[in-house]
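K.L.:
Got structure-v4.json for you, JSON, C-alpha atoms and all ligand atoms:
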[["chain", "number", "residue", "atom", "x", "y", "z"],
["A", 1, "MET", "CA", -44.98, -32.02, 20.50],
["A", 2, "ILE", "CA", -45.98, -28.41, 21.33],
["A", 3, "SER", "CA", -46.28, -28.04, 25.11],
["A", 4, "SER", "CA", -49.40, -26.73, 26.73],
["A", 5, "PRO", "CA", -47.73, -23.58, 28.20],
["A", 6, "ASP", "CA", -46.29, -22.75, 24.74],
["A", 7, "PHE", "CA", -49.69, -23.17, 23.06],
["A", 8, "LEU", "CA", -51.40, -21.04, 25.72],
["A", 9, "ALA", "CA", -48.75, -18.33, 25.30],
["A", 10, "LEU", "CA", -49.32, -18.30, 21.53],
["A", 11, "GLN", "CA", -53.09, -18.16, 22.02],
["A", 12, "LYS", "CA", -52.70, -15.14, 24.33],
["A", 13, "LEU", "CA", -50.28, -13.39, 22.00],
["A", 14, "LEU", "CA", -52.54, -13.76, 18.95],
["A", 15, "GLN", "CA", -55.61, -12.64, 20.89],
["A", 16, "GLU", "CA", -53.81, -9.52, 22.14],
["A", 17, "ARG", "CA", -52.00, -8.57, 18.95],
["A", 18, "CYS", "CA", -54.58, -9.22, 16.24],
["A", 19, "GLY", "CA", -57.76, -10.54, 17.90],
["A", 20, "MET", "CA", -57.34, -14.03, 16.42],
["A", 21, "GLN", "CA", -58.94, -16.85, 18.40],
["A", 22, "LEU", "CA", -56.65, -19.86, 18.16],
["A", 23, "THR", "CA", -58.67, -22.85, 19.34],
["A", 24, "SER", "CA", -56.96, -26.16, 20.09],
["A", 25, "ASP", "CA", -58.52, -27.79, 16.98],
["A", 26, "LYS", "CA", -56.33, -25.38, 14.95],
["A", 27, "LEU", "CA", -53.09, -26.91, 16.23],
["A", 28, "TYR", "CA", -52.38, -28.13, 12.68],
["A", 29, "LEU", "CA", -52.24, -24.49, 11.52],
["A", 30, "VAL", "CA", -49.45, -23.77, 13.99],
["A", 31, "ALA", "CA", -47.23, -26.47, 12.50],
["A", 32, "SER", "CA", -47.92, -25.60, 8.86],
["A", 33, "ARG", "CA", -47.76, -21.80, 9.16],
["A", 34, "LEU", "CA", -44.95, -21.39, 11.66],
["A", 35, "GLY", "CA", -42.58, -23.96, 10.07],
["A", 36, "PRO", "CA", -41.26, -21.44, 7.50],
["A", 37, "VAL", "CA", -40.93, -18.74, 10.21],
["A", 38, "ALA", "CA", -38.82, -21.04, 12.40],
["A", 39, "LEU", "CA", -36.62, -21.84, 9.39],
["A", 40, "LYS", "CA", -36.20, -18.16, 8.51],
["A", 41, "LEU", "CA", -35.23, -17.29, 12.08],
["A", 42, "GLY", "CA", -32.62, -20.08, 12.08],
["A", 43, "LEU", "CA", -34.46, -22.21, 14.63],
["A", 44, "LYS", "CA", -34.55, -26.00, 14.38],
["A", 45, "SER", "CA", -38.31, -26.45, 14.69],
["A", 46, "VAL", "CA", -41.70, -24.91, 15.43],
["A", 47, "ILE", "CA", -41.33, -26.28, 18.97],
["A", 48, "ASP", "CA", -38.14, -24.22, 19.42],
["A", 49, "LEU", "CA", -39.89, -21.14, 17.98],
["A", 50, "MET", "CA", -42.82, -21.55, 20.39],
["A", 51, "THR", "CA", -40.44, -21.83, 23.35],
["A", 52, "GLU", "CA", -38.48, -18.75, 22.23],
["A", 53, "LEU", "CA", -41.75, -16.86, 21.79],
["A", 54, "ARG", "CA", -42.81, -17.67, 25.36],
["A", 55, "THR", "CA", -39.48, -17.20, 27.09],
["A", 56, "ARG", "CA", -37.56, -14.61, 25.00],
["A", 57, "PRO", "CA", -39.97, -12.81, 22.66],
["A", 58, "ASN", "CA", -38.86, -9.86, 20.56],
["A", 59, "GLU", "CA", -40.92, -7.55, 18.33],
["A", 60, "SER", "CA", -39.69, -8.83, 14.97],
["A", 61, "MET", "CA", -40.31, -12.46, 15.98],
["A", 62, "ILE", "CA", -43.82, -11.56, 17.21],
["A", 63, "THR", "CA", -44.60, -9.66, 13.98],
["A", 64, "ALA", "CA", -43.40, -12.59, 11.85],
["A", 65, "VAL", "CA", -45.55, -15.02, 13.87],
["A", 66, "VAL", "CA", -48.70, -12.85, 13.68],
["A", 67, "GLU", "CA", -48.25, -12.32, 9.94],
["A", 68, "ALA", "CA", -47.80, -16.05, 9.37],
["A", 69, "MET", "CA", -50.83, -17.04, 11.44],
["A", 70, "VAL", "CA", -53.47, -14.75, 9.86],
["A", 71, "THR", "CA", -55.45, -15.99, 6.85],
["A", 72, "HIS", "CA", -55.08, -13.93, 3.65],
["A", 73, "GLU", "CA", -57.59, -15.77, 1.45],
["A", 74, "SER", "CA", -59.31, -13.31, -0.90],
["A", 75, "LEU", "CA", -60.73, -13.09, -4.39],
["A", 76, "PHE", "CA", -62.09, -10.50, -6.81],
["A", 77, "PHE", "CA", -65.76, -9.53, -6.42],
["A", 78, "ARG", "CA", -66.00, -11.96, -3.50],
["A", 79, "ASP", "CA", -69.61, -13.00, -2.84],
["A", 80, "ALA", "CA", -70.84, -10.79, -5.74],
["A", 81, "LYS", "CA", -73.88, -9.48, -3.78],
["A", 82, "PRO", "CA", -72.12, -6.57, -1.97],
["A", 83, "PHE", "CA", -70.87, -5.29, -5.34],
["A", 84, "GLU", "CA", -74.38, -5.48, -6.80],
["A", 85, "LEU", "CA", -75.65, -3.47, -3.81],
["A", 86, "LEU", "CA", -72.80, -1.02, -4.21],
["A", 87, "SER", "CA", -73.66, -0.50, -7.87],
["A", 88, "ARG", "CA", -77.46, -0.46, -7.55],
["A", 89, "ASN", "CA", -78.01, 1.26, -4.22],
["A", 90, "VAL", "CA", -75.06, 2.54, -2.17],
["A", 91, "LEU", "CA", -73.03, 4.43, -4.78],
["A", 92, "PRO", "CA", -75.98, 6.10, -6.59],
["A", 93, "GLN", "CA", -77.25, 7.38, -3.21],
["A", 94, "LEU", "CA", -73.79, 8.68, -2.32],
["A", 95, "VAL", "CA", -73.33, 10.37, -5.67],
["A", 96, "ARG", "CA", -76.54, 12.31, -4.97],
["A", 97, "ALA", "CA", -75.53, 13.09, -1.37],
["A", 98, "ARG", "CA", -71.99, 14.21, -2.31],
["A", 99, "ALA", "CA", -72.96, 16.18, -5.43],
["A", 100, "ALA", "CA", -71.42, 19.37, -4.01],
["A", 101, "ALA", "CA", -68.17, 17.92, -2.62],
["A", 102, "LYS", "CA", -67.69, 15.45, -5.51],
["A", 103, "LYS", "CA", -65.56, 13.31, -3.25],
["A", 104, "VAL", "CA", -66.12, 9.79, -1.91],
["A", 105, "ARG", "CA", -63.80, 7.90, 0.44],
["A", 106, "ILE", "CA", -64.01, 4.12, 0.85],
["A", 107, "TRP", "CA", -62.12, 1.98, 3.37],
["A", 108, "SER", "CA", -61.37, -1.65, 2.64],
["A", 109, "ALA", "CA", -60.49, -2.72, 6.19],
["A", 110, "ALA", "CA", -58.44, -5.96, 6.26],
["A", 111, "CYS", "CA", -57.91, -5.85, 2.49],
["A", 112, "SER", "CA", -55.34, -8.66, 2.21],
["A", 113, "SER", "CA", -53.61, -8.71, -1.21],
["A", 114, "GLY", "CA", -55.92, -6.05, -2.67],
["A", 115, "GLN", "CA", -58.62, -7.96, -4.55],
["A", 116, "GLU", "CA", -61.35, -6.19, -2.57],
["A", 117, "PRO", "CA", -60.20, -2.55, -3.03],
["A", 118, "TYR", "CA", -59.41, -3.16, -6.72],
["A", 119, "SER", "CA", -62.86, -4.74, -7.21],
["A", 120, "ILE", "CA", -64.46, -1.63, -5.66],
["A", 121, "ALA", "CA", -62.37, 0.56, -7.99],
["A", 122, "MET", "CA", -63.48, -1.50, -11.03],
["A", 123, "GLN", "CA", -67.13, -1.16, -10.01],
["A", 124, "ILE", "CA", -66.76, 2.61, -9.70],
["A", 125, "ARG", "CA", -65.01, 2.92, -13.09],
["A", 126, "GLU", "CA", -67.73, 0.85, -14.72],
["A", 127, "ASP", "CA", -70.60, 2.84, -13.20],
["A", 128, "PHE", "CA", -69.29, 6.38, -12.86],
["A", 129, "ALA", "CA", -66.53, 7.01, -15.41],
["A", 130, "HIS", "CA", -68.90, 9.54, -17.02],
["A", 131, "LEU", "CA", -68.89, 11.78, -13.92],
["A", 132, "ALA", "CA", -66.38, 14.57, -14.41],
["A", 133, "GLY", "CA", -64.30, 16.08, -11.62],
["A", 134, "TRP", "CA", -65.06, 13.48, -8.93],
["A", 135, "ARG", "CA", -62.40, 12.17, -6.53],
["A", 136, "TRP", "CA", -62.77, 8.52, -5.56],
["A", 137, "GLU", "CA", -60.37, 7.48, -2.84],
["A", 138, "ILE", "CA", -60.11, 3.82, -1.80],
["A", 139, "VAL", "CA", -57.87, 3.08, 1.19],
["A", 140, "GLY", "CA", -56.93, -0.56, 1.78],
["A", 141, "THR", "CA", -55.54, -1.46, 5.20],
["A", 142, "ASP", "CA", -54.29, -4.67, 6.74],
["A", 143, "ILE", "CA", -52.30, -5.72, 9.78],
["A", 144, "SER", "CA", -49.75, -7.50, 7.59],
["A", 145, "GLU", "CA", -47.08, -5.40, 5.87],
["A", 146, "PRO", "CA", -45.95, -8.21, 3.49],
["A", 147, "ILE", "CA", -49.49, -8.71, 2.16],
["A", 148, "LEU", "CA", -49.85, -4.92, 1.70],
["A", 149, "ALA", "CA", -46.58, -4.88, -0.25],
["A", 150, "ARG", "CA", -48.15, -7.46, -2.57],
["A", 151, "ALA", "CA", -51.34, -5.40, -2.88],
["A", 152, "ARG", "CA", -49.31, -2.30, -3.82],
["A", 153, "THR", "CA", -47.65, -4.13, -6.74],
["A", 154, "ALA", "CA", -51.18, -4.54, -8.21],
["A", 155, "GLU", "CA", -49.91, -7.71, -9.89],
["A", 156, "PHE", "CA", -51.89, -10.93, -9.91],
["A", 157, "SER", "CA", -51.28, -14.40, -11.30],
["A", 158, "ALA", "CA", -53.45, -16.09, -13.92],
["A", 159, "PHE", "CA", -54.88, -18.21, -11.10],
["A", 160, "GLU", "CA", -55.80, -15.14, -9.03],
["A", 161, "VAL", "CA", -57.48, -13.22, -11.86],
["A", 162, "GLY", "CA", -59.35, -16.43, -12.72],
["A", 163, "ARG", "CA", -61.07, -16.20, -9.35],
["A", 164, "GLY", "CA", -63.93, -13.72, -9.67],
["A", 165, "LEU", "CA", -63.10, -11.76, -12.85],
["A", 166, "SER", "CA", -64.99, -12.16, -16.11],
["A", 167, "PRO", "CA", -62.87, -12.11, -19.31],
["A", 168, "GLU", "CA", -64.44, -8.71, -20.08],
["A", 169, "ARG", "CA", -63.34, -7.22, -16.77],
["A", 170, "LEU", "CA", -59.89, -8.71, -17.14],
["A", 171, "ALA", "CA", -59.49, -7.21, -20.60],
["A", 172, "ARG", "CA", -60.87, -3.85, -19.54],
["A", 173, "HIS", "CA", -59.06, -3.28, -16.23],
["A", 174, "PHE", "CA", -55.73, -5.18, -16.50],
["A", 175, "THR", "CA", -52.58, -5.19, -18.57],
["A", 176, "GLN", "CA", -51.18, -8.60, -19.36],
["A", 177, "PHE", "CA", -47.49, -9.40, -19.04],
["A", 178, "PRO", "CA", -46.93, -12.59, -21.04],
["A", 179, "GLY", "CA", -45.73, -15.35, -18.75],
["A", 180, "GLN", "CA", -45.79, -13.05, -15.72],
["A", 181, "GLY", "CA", -49.43, -12.44, -14.98],
["A", 182, "TYR", "CA", -51.58, -9.33, -14.95],
["A", 183, "ARG", "CA", -51.33, -5.80, -13.59],
["A", 184, "VAL", "CA", -54.23, -3.61, -12.52],
["A", 185, "ALA", "CA", -54.53, -0.65, -14.94],
["A", 186, "GLU", "CA", -53.27, 2.78, -13.94],
["A", 187, "PRO", "CA", -56.68, 4.54, -13.48],
["A", 188, "LEU", "CA", -57.62, 1.96, -10.83],
["A", 189, "ARG", "CA", -54.22, 2.12, -9.15],
["A", 190, "ALA", "CA", -54.52, 5.91, -8.98],
["A", 191, "MET", "CA", -57.74, 5.52, -6.95],
["A", 192, "THR", "CA", -56.25, 3.12, -4.40],
["A", 193, "SER", "CA", -53.67, 3.37, -1.64],
["A", 194, "PHE", "CA", -52.57, 0.94, 1.05],
["A", 195, "ARG", "CA", -51.62, 1.49, 4.69],
["A", 196, "ARG", "CA", -50.84, -0.76, 7.62],
["A", 197, "HIS", "CA", -53.54, -0.67, 10.28],
["A", 198, "ASN", "CA", -54.61, -2.99, 13.09],
["A", 199, "LEU", "CA", -58.40, -3.06, 13.52],
["A", 200, "LEU", "CA", -57.96, -3.25, 17.29],
["A", 201, "GLU", "CA", -56.36, 0.21, 17.34],
["A", 202, "PRO", "CA", -57.92, 3.69, 16.88],
["A", 203, "ALA", "CA", -58.17, 4.68, 13.21],
["A", 204, "ALA", "CA", -58.58, 8.47, 13.50],
["A", 205, "HIS", "CA", -55.43, 9.00, 11.39],
["A", 206, "LEU", "CA", -57.19, 7.38, 8.42],
["A", 207, "GLY", "CA", -59.90, 10.07, 8.39],
["A", 208, "GLN", "CA", -63.62, 9.77, 7.72],
["A", 209, "PHE", "CA", -65.11, 7.35, 5.20],
["A", 210, "ASP", "CA", -68.40, 7.19, 3.32],
["A", 211, "ILE", "CA", -68.28, 3.39, 2.94],
["A", 212, "VAL", "CA", -66.38, 0.80, 4.95],
["A", 213, "PHE", "CA", -65.92, -2.76, 3.73],
["A", 214, "CYS", "CA", -64.93, -5.05, 6.61],
["A", 215, "ARG", "CA", -65.38, -8.59, 5.37],
["A", 216, "ASN", "CA", -64.10, -11.99, 6.41],
["A", 217, "VAL", "CA", -61.97, -10.79, 9.30],
["A", 218, "LEU", "CA", -64.44, -10.37, 12.20],
["A", 219, "ILE", "CA", -65.06, -14.14, 11.95],
["A", 220, "TYR", "CA", -61.64, -14.66, 13.57],
["A", 221, "PHE", "CA", -62.50, -12.47, 16.61],
["A", 222, "ASP", "CA", -64.44, -13.27, 19.80],
["A", 223, "ALA", "CA", -67.53, -11.13, 20.59],
["A", 224, "PRO", "CA", -65.79, -8.45, 22.75],
["A", 225, "THR", "CA", -63.03, -8.07, 20.14],
["A", 226, "LYS", "CA", -65.61, -7.76, 17.33],
["A", 227, "ALA", "CA", -67.43, -5.10, 19.39],
["A", 228, "ARG", "CA", -64.18, -3.18, 19.86],
["A", 229, "ALA", "CA", -63.27, -3.31, 16.17],
["A", 230, "LEU", "CA", -66.80, -2.23, 15.15],
["A", 231, "ASP", "CA", -66.78, 0.58, 17.71],
["A", 232, "LEU", "CA", -63.51, 1.90, 16.24],
["A", 233, "ILE", "CA", -64.88, 1.59, 12.68],
["A", 234, "SER", "CA", -68.08, 3.42, 13.65],
["A", 235, "ARG", "CA", -65.98, 6.45, 14.68],
["A", 236, "GLN", "CA", -64.59, 6.74, 11.13],
["A", 237, "LEU", "CA", -67.90, 6.39, 9.30],
["A", 238, "ALA", "CA", -69.76, 9.46, 7.99],
["A", 239, "PRO", "CA", -73.19, 9.87, 9.67],
["A", 240, "ASP", "CA", -74.89, 8.78, 6.43],
["A", 241, "GLY", "CA", -72.19, 6.20, 5.62],
["A", 242, "VAL", "CA", -72.55, 2.47, 4.99],
["A", 243, "LEU", "CA", -70.74, -0.50, 6.52],
["A", 244, "VAL", "CA", -70.48, -3.64, 4.37],
["A", 245, "LEU", "CA", -69.86, -6.89, 6.24],
["A", 246, "GLY", "CA", -69.13, -10.38, 4.90],
["A", 247, "SER", "CA", -71.80, -13.02, 4.40],
["A", 248, "ALA", "CA", -70.49, -15.01, 7.40],
["A", 249, "ASP", "CA", -70.14, -11.96, 9.69],
["A", 250, "SER", "CA", -72.86, -11.64, 12.31],
["A", 251, "ILE", "CA", -73.16, -8.65, 14.64],
["A", 252, "ILE", "CA", -76.40, -9.67, 16.36],
["A", 253, "GLY", "CA", -75.91, -9.20, 20.10],
["A", 254, "VAL", "CA", -72.38, -7.88, 19.50],
["A", 255, "THR", "CA", -72.85, -4.12, 19.07],
["A", 256, "GLN", "CA", -75.56, -1.47, 19.29],
["A", 257, "ARG", "CA", -73.60, 0.90, 17.06],
["A", 258, "PHE", "CA", -74.91, -0.40, 13.74],
["A", 259, "VAL", "CA", -78.31, -1.40, 12.41],
["A", 260, "GLY", "CA", -78.92, -3.58, 9.37],
["A", 261, "VAL", "CA", -80.32, -1.90, 6.24],
["A", 262, "PRO", "CA", -83.76, -3.54, 5.72],
["A", 263, "GLU", "CA", -83.90, -5.85, 2.68],
["A", 264, "GLU", "CA", -80.18, -5.33, 1.96],
["A", 265, "ARG", "CA", -78.35, -8.19, 3.65],
["A", 266, "GLY", "CA", -74.77, -7.34, 4.65],
["A", 267, "LEU", "CA", -75.30, -3.54, 4.66],
["A", 268, "PHE", "CA", -75.33, -1.59, 7.92],
["A", 269, "ARG", "CA", -75.73, 2.05, 8.93],
["A", 270, "LEU", "CA", -74.88, 3.81, 12.17],
["A", 271, "ALA", "CA", -77.65, 3.31, 14.73],
["A", 272, "PRO", "CA", -79.75, 6.53, 14.89],
["A", 273, "ALA", "CA", -78.39, 7.54, 18.31],
["A", 274, "MET", "CA", -74.83, 7.09, 17.00],
["A", 275, "GLY", "CA", -75.41, 9.18, 13.87],
["A", 276, "LEU", "CA", -76.91, 12.03, 15.94],
["A", 277, "ALA", "CA", -74.17, 11.84, 18.55],
["A", 278, "ARG", "CA", -71.54, 12.12, 15.82],
["A", 279, "THR", "CA", -73.18, 15.07, 14.04],
["A", 280, "ALA", "CA", -73.90, 16.99, 17.28],
["B", 1, "LIG", "C1", -59.48, -13.57, 4.94],
["B", 1, "LIG", "S1", -58.69, -12.03, 4.60],
["B", 1, "LIG", "C2", -60.05, -11.08, 4.02],
["B", 1, "LIG", "C3", -59.70, -10.20, 2.84],
["B", 1, "LIG", "C4", -60.87, -9.43, 2.22],
["B", 1, "LIG", "N1", -61.48, -8.53, 3.16],
["B", 1, "LIG", "C5", -61.89, -10.38, 1.65],
["B", 1, "LIG", "O1", -62.99, -10.48, 2.21],
["B", 1, "LIG", "O2", -61.61, -11.04, 0.65],
["B", 1, "LIG", "C6", -58.45, -11.44, 6.26],
["B", 1, "LIG", "C7", -57.40, -10.36, 6.39],
["B", 1, "LIG", "O3", -57.51, -9.77, 7.69],
["B", 1, "LIG", "C8", -56.23, -9.39, 8.12],
["B", 1, "LIG", "N2", -56.28, -9.20, 9.58],
["B", 1, "LIG", "C9", -56.37, -10.14, 10.54],
["B", 1, "LIG", "N3", -56.41, -9.58, 11.75],
["B", 1, "LIG", "C10", -56.37, -8.23, 11.55],
["B", 1, "LIG", "C11", -56.40, -7.11, 12.42],
["B", 1, "LIG", "N4", -56.47, -7.24, 13.74],
["B", 1, "LIG", "N5", -56.34, -5.88, 11.86],
["B", 1, "LIG", "C12", -56.25, -5.73, 10.51],
["B", 1, "LIG", "N6", -56.23, -6.74, 9.65],
["B", 1, "LIG", "C13", -56.30, -7.99, 10.17],
["B", 1, "LIG", "C14", -55.33, -10.51, 7.64],
["B", 1, "LIG", "O4", -53.98, -10.10, 7.55],
["B", 1, "LIG", "C15", -55.96, -10.87, 6.29],
["B", 1, "LIG", "O5", -55.29, -10.25, 5.23]]
What does this structure look like when you write it as structure tokens?
Ligand SMILES: C[S@@+](CC[C@H](N)C(=O)[O-])C[C@H]1O[C@@H](n2cnc3c(N)ncnc32)[C@H](O)[C@@H]1O

P.N.:
Amino acid sequence: MISSPDFLALQKLLQERCGMQLTSDKLYLVASRLGPVALKLGLKSVIDLMTELRTRPNESMITAVVEAMVTHESLFFRDAKPFELLSRNVLPQLVRARAAAKKVRIWSAACSSGQEPYSIAMQIREDFAHLAGWRWEIVGTDISEPILARARTAEFSAFEVGRGLSPERLARHFTQFPGQGYRVAEPLRAMTSFRRHNLLEPAAHLGQFDIVFCRNVLIYFDAPTKARALDLISRQLAPDGVLVLGSADSIIGVTQRFVGVPEERGLFRLAPAMGLARTA
């Protein structure tokens, strides 16, 4: 049985390192997710790993534990609605606003294995392939290096492409490797890149973005941690940029930095004072 001091130490570690709130009803996750880590580190059990983590932690052990504890669930065109809004409203407006620069940068923050950034790339190819000379840059970031390595391969199993992709999209945007799955086509891969980034740390090195997708990760944070992550994101958003949150993400009472776009659920813009402060 995991001791109370060990559980508290893990709770503190996860909160500090990645913002994850590990409540005691999630004890089952500790056993199932840390079992393979204990085995890999040559420890007899999760209990031994927890004790090591509290009494003799080292960076590689901490990284392995954080990576094992976060949830990577993702799928193509998740929730559909944000992609409809992207296609109907956000991208057409941006194409008009960036007509001179012909460059749009999009950040998929907490992108997991890449389904979100590749879905954004597909939407852009479908809607704007006719625009000549435009640069579309989609940057996917995540705290977990192993999941980013998967995203960079751009390879997905039959099960994964079956979640969210129509047969038409699959045929249009993927190459099939018989018996081995599917690979995202080169034009989409050329638009996307992947970098490790923790949402609790400043993101100035990533540059400024016109659109930020940050979906299904804030749900794991407490209110002050959400506020911190959103504050850091707001610093990277263009004054006329758009933030896209997940359907379960609520920011009411959490931050003053963003305001919801009326009638467009899930879309946010910088609060007027923020936009002015950033352009001044
Ligand atoms: C449930 S997935 C969401 C993937 C995608 N955004 C979607 O909606 O399908 C959550 C991702 O957040 C990442 N994550 C968790 N804490 C993070 C943090 N502090 N900074 C960056 N990424 C984090 C996890 O590694 C995981 O890949």

K.L.:
Which residue out of A:Glu145, A:Glu155, A:Glu16, A:Asp79 has the minimum interatomic distance to Ala64 (chain A) when only C-alpha atoms are used?

P.N.:
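Distance minimum relative to Ala64 (chain A) lands on A:Glu145.
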
K.L.:
In terms of the shortest atom-to-atom distance over all atoms listed in the file, which of A:Val259, A:Lys40, A:Val104, A:Met50 is closest to Gly133 (chain A)?

P.N.:
A:Val104

K.L.:
Report as JSON lines the residues of region 11-114 of chain A within 8 Å of region 214-219 of chain A, each with its shortest atom pair and distance in Å (one decimal), using all atoms listed in the file, ordered by chain and increasing residue number.

P.N.:
{"residue": "A:Ser108", "atom": "CA", "partner": "A:Cys214", "partner_atom": "CA", "distance": 6.3}
{"residue": "A:Ala109", "atom": "CA", "partner": "A:Cys214", "partner_atom": "CA", "distance": 5.0}
{"residue": "A:Ala110", "atom": "CA", "partner": "A:Cys214", "partner_atom": "CA", "distance": 6.6}

K.L.:
Would you pick out the contacts of Gly114 (chain A) at 12 Å or less, using all atoms listed in the file, so that residues sharing its chain but fewer than 6 positions from it are not included, and give the list as a PyMOL selection string?

P.N.:
chain A and resi 72-78+107-108+120-121+138-142+146-156+160-161+183-184+188-189+192-195

K.L.:
Using all atoms listed in the file for the distances, tell me which of A:Asn58, A:Ser144, A:Gln15, A:Ser32 is nearest to ligand LIG 1 (chain B).

P.N.:
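The answer is A:Ser144, which sits nearest to ligand LIG 1 (chain B).
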
K.L.:
Will you model N, CA and C atoms for region 85-100 of chain A and pass it back as a PDB file, in the coordinates of the input?

P.N.:
ATOM      1  N   LEU A  85     -75.022  -4.495  -4.662  1.00  0.00           N
ATOM      2  CA  LEU A  85     -75.650  -3.470  -3.810  1.00  0.00           C
ATOM      3  C   LEU A  85     -74.918  -2.139  -3.945  1.00  0.00           C
ATOM      4  N   LEU A  86     -73.611  -2.224  -4.049  1.00  0.00           N
ATOM      5  CA  LEU A  86     -72.800  -1.020  -4.210  1.00  0.00           C
ATOM      6  C   LEU A  86     -73.233  -0.287  -5.481  1.00  0.00           C
ATOM      7  N   SER A  87     -73.366  -1.049  -6.559  1.00  0.00           N
ATOM      8  CA  SER A  87     -73.660  -0.500  -7.870  1.00  0.00           C
ATOM      9  C   SER A  87     -75.103   0.018  -7.952  1.00  0.00           C
ATOM     10  N   ARG A  88     -76.031  -0.751  -7.379  1.00  0.00           N
ATOM     11  CA  ARG A  88     -77.460  -0.460  -7.550  1.00  0.00           C
ATOM     12  C   ARG A  88     -77.971   0.563  -6.542  1.00  0.00           C
ATOM     13  N   ASN A  89     -77.390   0.532  -5.314  1.00  0.00           N
ATOM     14  CA  ASN A  89     -78.010   1.260  -4.220  1.00  0.00           C
ATOM     15  C   ASN A  89     -77.047   2.254  -3.553  1.00  0.00           C
ATOM     16  N   VAL A  90     -75.913   1.726  -3.032  1.00  0.00           N
ATOM     17  CA  VAL A  90     -75.060   2.540  -2.170  1.00  0.00           C
ATOM     18  C   VAL A  90     -74.394   3.683  -2.939  1.00  0.00           C
ATOM     19  N   LEU A  91     -73.765   3.384  -4.059  1.00  0.00           N
ATOM     20  CA  LEU A  91     -73.030   4.430  -4.780  1.00  0.00           C
ATOM     21  C   LEU A  91     -73.969   5.473  -5.414  1.00  0.00           C
ATOM     22  N   PRO A  92     -75.087   5.065  -6.058  1.00  0.00           N
ATOM     23  CA  PRO A  92     -75.980   6.100  -6.590  1.00  0.00           C
ATOM     24  C   PRO A  92     -76.478   7.060  -5.507  1.00  0.00           C
ATOM     25  N   GLN A  93     -76.796   6.505  -4.313  1.00  0.00           N
ATOM     26  CA  GLN A  93     -77.250   7.380  -3.210  1.00  0.00           C
ATOM     27  C   GLN A  93     -76.142   8.354  -2.802  1.00  0.00           C
ATOM     28  N   LEU A  94     -74.917   7.827  -2.734  1.00  0.00           N
ATOM     29  CA  LEU A  94     -73.790   8.680  -2.320  1.00  0.00           C
ATOM     30  C   LEU A  94     -73.487   9.754  -3.348  1.00  0.00           C
ATOM     31  N   VAL A  95     -73.598   9.387  -4.613  1.00  0.00           N
ATOM     32  CA  VAL A  95     -73.330  10.370  -5.670  1.00  0.00           C
ATOM     33  C   VAL A  95     -74.320  11.542  -5.538  1.00  0.00           C
ATOM     34  N   ARG A  96     -75.565  11.214  -5.185  1.00  0.00           N
ATOM     35  CA  ARG A  96     -76.540  12.310  -4.970  1.00  0.00           C
ATOM     36  C   ARG A  96     -76.157  13.118  -3.719  1.00  0.00           C
ATOM     37  N   ALA A  97     -75.806  12.395  -2.640  1.00  0.00           N
ATOM     38  CA  ALA A  97     -75.530  13.090  -1.370  1.00  0.00           C
ATOM     39  C   ALA A  97     -74.239  13.912  -1.415  1.00  0.00           C
ATOM     40  N   ARG A  98     -73.289  13.512  -2.273  1.00  0.00           N
ATOM     41  CA  ARG A  98     -71.990  14.210  -2.310  1.00  0.00           C
ATOM     42  C   ARG A  98     -71.862  15.065  -3.581  1.00  0.00           C
ATOM     43  N   ALA A  99     -72.995  15.453  -4.156  1.00  0.00           N
ATOM     44  CA  ALA A  99     -72.960  16.180  -5.430  1.00  0.00           C
ATOM     45  C   ALA A  99     -72.144  17.471  -5.330  1.00  0.00           C
ATOM     46  N   ALA A 100     -72.160  18.116  -4.162  1.00  0.00           N
ATOM     47  CA  ALA A 100     -71.420  19.370  -4.010  1.00  0.00           C
ATOM     48  C   ALA A 100     -69.926  19.100  -3.815  1.00  0.00           C
TER      49      ALA A 100
END
